[in-house]
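Enquirer: Sending over entry.txt (compact mmCIF, C-alpha atoms).
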```
# COMPACT_ATOMS: atom_id res chain seq x y z
CA MET A 858 0.00 0.00 0.00
CA LYS A 859 1.32 3.47 -0.93
CA PRO A 860 1.69 6.08 1.82
CA MET A 861 -0.84 8.91 1.60
CA THR A 862 0.47 12.32 0.60
CA SER A 863 -0.81 15.34 2.48
CA PRO A 864 -2.65 18.01 0.45
CA ALA A 865 0.04 20.59 1.37
CA ARG A 866 2.82 18.26 0.13
CA SER A 867 0.86 17.61 -3.10
CA ARG A 868 0.50 21.34 -3.77
CA ARG A 869 4.23 21.86 -3.08
CA LEU A 870 5.17 19.03 -5.48
CA VAL A 871 2.86 20.38 -8.19
CA GLY A 872 4.31 23.89 -7.72
CA VAL A 873 7.89 22.62 -7.99
CA SER A 874 6.98 20.55 -11.06
CA ALA A 875 5.31 23.53 -12.75
CA LEU A 876 8.34 25.72 -12.01
CA ALA A 877 10.72 23.10 -13.42
CA CYS A 878 8.57 22.71 -16.55
CA SER A 879 8.50 26.48 -17.06
CA ALA A 880 12.30 26.66 -16.82
CA VAL A 881 12.68 23.83 -19.34
CA LEU A 882 10.20 25.45 -21.73
CA VAL A 883 11.91 28.86 -21.59
CA THR A 884 15.36 27.30 -22.06
CA SER A 885 14.24 25.09 -24.97
CA CYS A 886 12.77 27.99 -26.93
CA VAL A 887 16.00 30.01 -27.11
CA GLY A 888 17.01 30.36 -30.75
CA SER A 889 13.72 29.18 -32.21
CA VAL A 890 11.29 31.19 -34.29
CA GLN A 891 9.67 33.80 -32.07
CA GLY A 892 6.24 32.73 -30.89
CA PHE A 893 6.78 28.99 -31.35
CA THR A 894 7.07 26.72 -28.35
CA ASN A 895 8.83 23.43 -27.99
CA ARG A 896 6.50 20.96 -26.31
CA ALA A 897 9.23 18.36 -25.93
CA PRO A 898 8.61 15.80 -23.18
CA ASP A 899 11.30 14.90 -20.64
CA GLY A 900 12.86 12.30 -22.95
CA ASN A 901 13.25 14.83 -25.80
CA PRO A 902 13.53 12.73 -28.99
CA ILE A 903 15.24 15.57 -30.88
CA ASP A 904 18.08 15.81 -28.36
CA ALA A 905 18.24 12.01 -28.17
CA ALA A 906 18.57 11.78 -31.98
CA ARG A 907 21.36 14.38 -32.02
CA ALA A 908 23.23 12.26 -29.45
CA LEU A 909 23.06 9.02 -31.45
CA PRO A 910 26.57 7.83 -32.36
CA ASP A 911 25.63 7.36 -36.02
CA ALA A 912 23.88 10.74 -36.39
CA PRO A 913 25.01 12.65 -39.51
CA GLY A 914 27.46 15.46 -38.73
CA VAL A 915 25.03 18.24 -39.65
CA VAL A 916 22.50 16.78 -37.18
CA ARG A 917 24.97 16.15 -34.37
CA GLU A 918 26.47 19.64 -34.61
CA GLY A 919 23.20 21.53 -35.01
CA SER A 920 25.28 24.58 -35.85
CA ALA A 921 23.10 26.36 -38.40
CA ALA A 922 23.14 30.13 -37.99
CA THR A 923 19.34 30.20 -37.75
CA SER A 924 16.85 27.82 -36.16
CA CYS A 925 13.36 27.57 -37.59
CA GLY A 926 12.33 25.81 -34.37
CA GLU A 927 12.16 22.38 -32.78
CA PHE A 928 8.78 20.68 -32.43
CA VAL A 929 7.66 17.46 -30.78
CA LEU A 930 4.34 16.87 -32.52
CA GLU A 931 1.41 14.94 -31.12
CA GLN A 932 -0.67 12.46 -33.11
CA GLY A 933 -2.48 14.31 -35.92
CA GLU A 934 -0.52 17.55 -35.53
CA LYS A 935 1.39 19.19 -38.37
CA LEU A 936 4.35 21.52 -38.39
CA PRO A 937 3.31 25.17 -38.12
CA ALA A 938 3.09 26.80 -41.54
CA GLU A 939 5.21 29.66 -40.21
CA ALA A 940 8.14 27.29 -39.49
CA ILE A 941 7.99 25.87 -43.02
CA ALA A 942 7.77 29.39 -44.48
CA TYR A 943 10.75 30.44 -42.37
CA LEU A 944 12.79 27.51 -43.73
CA THR A 945 11.70 28.43 -47.27
CA THR A 946 12.87 32.02 -46.77
CA ALA A 947 16.17 30.80 -45.32
CA THR A 948 16.88 28.75 -48.44
CA GLU A 949 17.22 32.04 -50.27
CA ALA A 950 19.35 33.76 -47.61
CA ASP A 951 21.53 31.70 -45.30
CA GLU A 952 22.02 28.56 -43.27
CA ALA A 953 19.04 27.32 -41.24
CA GLU A 954 17.56 24.18 -39.73
CA LEU A 955 14.21 22.87 -38.56
CA ALA A 956 13.87 19.85 -36.28
CA TRP A 957 10.75 17.89 -35.38
CA SER A 958 9.48 14.52 -34.30
CA HIS A 959 6.23 12.93 -35.28
CA PRO A 960 4.71 9.87 -33.64
CA THR A 961 4.02 6.62 -35.45
CA THR A 962 0.57 5.06 -35.10
CA GLU A 963 1.87 3.35 -31.94
CA GLY A 964 3.21 6.66 -30.58
CA ASP A 965 6.95 6.09 -31.15
CA PRO A 966 8.80 9.19 -32.42
CA ILE A 967 10.34 9.45 -35.88
CA VAL A 968 12.77 12.38 -35.78
CA TYR A 969 13.48 14.72 -38.73
CA PHE A 970 16.05 17.45 -39.34
CA ALA A 971 15.71 19.72 -42.39
CA TYR A 972 18.59 22.04 -43.19
CA VAL A 973 19.57 24.53 -45.84
CA ALA A 974 22.93 26.11 -46.57
CA GLY A 975 24.70 27.84 -49.44
CA TRP A 976 26.76 24.68 -50.08
CA ASN A 977 23.62 22.54 -50.45
CA VAL A 978 21.15 22.53 -53.33
CA GLY A 979 17.56 22.35 -52.08
CA VAL A 980 16.78 21.13 -48.57
CA GLY A 981 18.72 18.37 -46.83
CA LEU A 982 16.59 16.03 -44.77
CA SER A 983 17.94 13.56 -42.22
CA MET A 984 15.50 11.28 -40.43
CA THR A 985 15.79 8.40 -38.00
CA ASN A 986 13.48 5.64 -36.87
CA GLU A 987 15.82 4.68 -34.01
CA PHE A 988 13.08 5.13 -31.40
CA ASP A 989 10.38 3.25 -33.35
CA SER A 990 9.85 -0.05 -31.54
CA TYR A 991 8.38 -1.51 -34.75
CA GLY A 992 10.83 0.21 -37.13
CA GLY A 993 12.75 -2.81 -38.40
CA ASP A 994 16.03 -1.60 -39.92
CA TYR A 995 17.00 1.16 -37.53
CA GLY A 996 19.20 4.03 -38.58
CA TRP A 997 19.32 7.25 -40.56
CA THR A 998 18.01 8.15 -43.98
CA VAL A 999 19.59 11.21 -45.61
CA LEU A 1000 17.69 12.84 -48.47
CA SER A 1001 17.96 15.86 -50.73
CA CYS A 1002 14.59 17.53 -51.32
CA PRO A 1003 13.77 20.22 -53.87
CA ASP A 1004 12.19 22.59 -51.32
CA ALA A 1005 11.01 23.02 -47.74
CA THR A 1006 7.40 22.06 -48.48
CA THR A 1007 8.46 18.71 -49.94
CA ALA A 1008 10.91 18.01 -47.09
CA THR A 1009 8.34 18.68 -44.36
CA ASN A 1010 5.37 16.84 -45.86
CA PRO A 1011 5.42 13.08 -45.17
CA ALA A 1012 3.27 12.44 -48.27
CA SER A 1013 5.84 14.06 -50.58
CA ILE A 1014 9.12 12.84 -49.05
CA SER A 1015 9.18 10.13 -51.75
CA GLN A 1016 10.01 12.96 -54.20
CA CYS A 1017 13.35 13.49 -52.44
CA ASP A 1018 16.56 11.77 -53.57
CA GLU A 1019 18.44 9.51 -51.18
CA LEU A 1020 22.01 10.57 -50.50
CA ILE A 1021 24.73 8.09 -49.72
CA GLU A 1022 27.45 9.41 -47.39
CA GLY A 1023 31.04 8.40 -47.85
```
Starting from the file, give its structure as structure tokens.
Expert:
Amino acid sequence: MKPMTSPARSRRLVGVSALACSAVLVTSCVGSVQGFTNRAPDGNPIDAARALPDAPGVVREGSAATSCGEFVLEQGEKLPAEAIAYLTTATEADEAELAWSHPTTEGDPIVYFAYVAGWNVGVGLSMTNEFDSYGGDYGWTVLSCPDATTATNPASISQCDELIEG
């Protein structure tokens, strides 16, 4: 049997949890598009993907001059149109990246990183199914997409060309 928690202790724990969540939310939004929030859970799949030993260099470094945001999407959610537009604008100007995760039907995250730079034609897209418990062949797929809209739309990713590193 679990010990009972007093109402005062419960309120104190909730207050501390809310304060900790606020600090994490403020910290995680630094460098993202103004007005967007990162709703990343404790086990942030974007950070976890960056830390994978086989992550492509551009993902691991995350050193683009501009961030279009990082988003942990819920089932049925789409990337904000403003983030995609920001990435589109960046393709014409300078280096930028957009990171997001989207859950599979079972709720496991697939993580994506879209990046643009003067040295790259179109939009580079790196994605991993490393956290998909039903993913099969785990690892990274690196693609070159003609534009930001194609790179960020799961239905059109098949129009991107696979790149082989090395």
Enquirer: Got a sec: who's within 10 Å of Asp904 in chain A, counting all atoms listed in the file, leaving out chain neighbours fewer than 2 positions off, as a PyMOL selection string?
Expert: chain A and resi 897+900-902+906-909+916-917+927+956+968
Enquirer: Which residues are near Ala942 in chain A? Cut-off 9 Å, only C-alpha atoms, ignore same chain within fewer than 4 positions. Put them as number ranges by chain.
Expert: A: 937-938, 946-947, 1005-1006
Enquirer: Choose the residue, out of A:Ile967, A:Val973, A:Leu1020, A:Leu936, that has the smallest atom-to-atom separation from Asn986 in chain A; count all atoms listed in the file.
Expert: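 Selected residue with least distance to Asn986 in chain A: A:Ile967.
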Enquirer: Have a look at CA of Gln1016 in chain A and CA of Thr945 in chain A and let me know their distance in Å, one decimal.
Expert: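 Separating CA of Gln1016 in chain A from CA of Thr945 in chain A is a distance of 17.0 Å.
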Enquirer: Interatomic distance between CA of His959 in chain A and CA of Gly975 in chain A?
Expert: 27.6 Å
Enquirer: Do you have the CA of Leu982 in chain A-CA of Ala905 in chain A distance handy?
Expert: 17.2 Å
Enquirer: Could you check which of A:Tyr972, A:Phe928, A:Trp957, A:Tyr943 is closest to Pro1003 in chain A, using only C-alpha atoms?
Expert: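 Of A:Tyr972, A:Phe928, A:Trp957, A:Tyr943, the one nearest Pro1003 in chain A, counting only C-alpha atoms, is A:Tyr972.
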Enquirer: Which residues, written as a PDB file with C-alpha atoms, in the frame of the given file, have at least one atom at most 12 Å from Glu987 in chain A, with all atoms listed in the file counted and residues fewer than 2 positions away on the same chain left out?
Expert:
```pdb
ATOM      1  CA  PRO A 902      13.530  12.730 -28.990  1.00  0.00           C
ATOM      2  CA  ILE A 903      15.240  15.570 -30.880  1.00  0.00           C
ATOM      3  CA  ALA A 905      18.240  12.010 -28.170  1.00  0.00           C
ATOM      4  CA  ALA A 906      18.570  11.780 -31.980  1.00  0.00           C
ATOM      5  CA  ARG A 907      21.360  14.380 -32.020  1.00  0.00           C
ATOM      6  CA  ALA A 908      23.230  12.260 -29.450  1.00  0.00           C
ATOM      7  CA  LEU A 909      23.060   9.020 -31.450  1.00  0.00           C
ATOM      8  CA  PRO A 910      26.570   7.830 -32.360  1.00  0.00           C
ATOM      9  CA  ASP A 911      25.630   7.360 -36.020  1.00  0.00           C
ATOM     10  CA  ALA A 912      23.880  10.740 -36.390  1.00  0.00           C
ATOM     11  CA  SER A 958       9.480  14.520 -34.300  1.00  0.00           C
ATOM     12  CA  ASP A 965       6.950   6.090 -31.150  1.00  0.00           C
ATOM     13  CA  PRO A 966       8.800   9.190 -32.420  1.00  0.00           C
ATOM     14  CA  ILE A 967      10.340   9.450 -35.880  1.00  0.00           C
ATOM     15  CA  VAL A 968      12.770  12.380 -35.780  1.00  0.00           C
ATOM     16  CA  TYR A 969      13.480  14.720 -38.730  1.00  0.00           C
ATOM     17  CA  MET A 984      15.500  11.280 -40.430  1.00  0.00           C
ATOM     18  CA  THR A 985      15.790   8.400 -38.000  1.00  0.00           C
ATOM     19  CA  ASP A 989      10.380   3.250 -33.350  1.00  0.00           C
ATOM     20  CA  SER A 990       9.850  -0.050 -31.540  1.00  0.00           C
ATOM     21  CA  TYR A 991       8.380  -1.510 -34.750  1.00  0.00           C
ATOM     22  CA  GLY A 992      10.830   0.210 -37.130  1.00  0.00           C
ATOM     23  CA  GLY A 993      12.750  -2.810 -38.400  1.00  0.00           C
ATOM     24  CA  ASP A 994      16.030  -1.600 -39.920  1.00  0.00           C
ATOM     25  CA  TYR A 995      17.000   1.160 -37.530  1.00  0.00           C
ATOM     26  CA  GLY A 996      19.200   4.030 -38.580  1.00  0.00           C
ATOM     27  CA  TRP A 997      19.320   7.250 -40.560  1.00  0.00           C
ATOM     28  CA  THR A 998      18.010   8.150 -43.980  1.00  0.00           C
TER      29      THR A 998
END
```
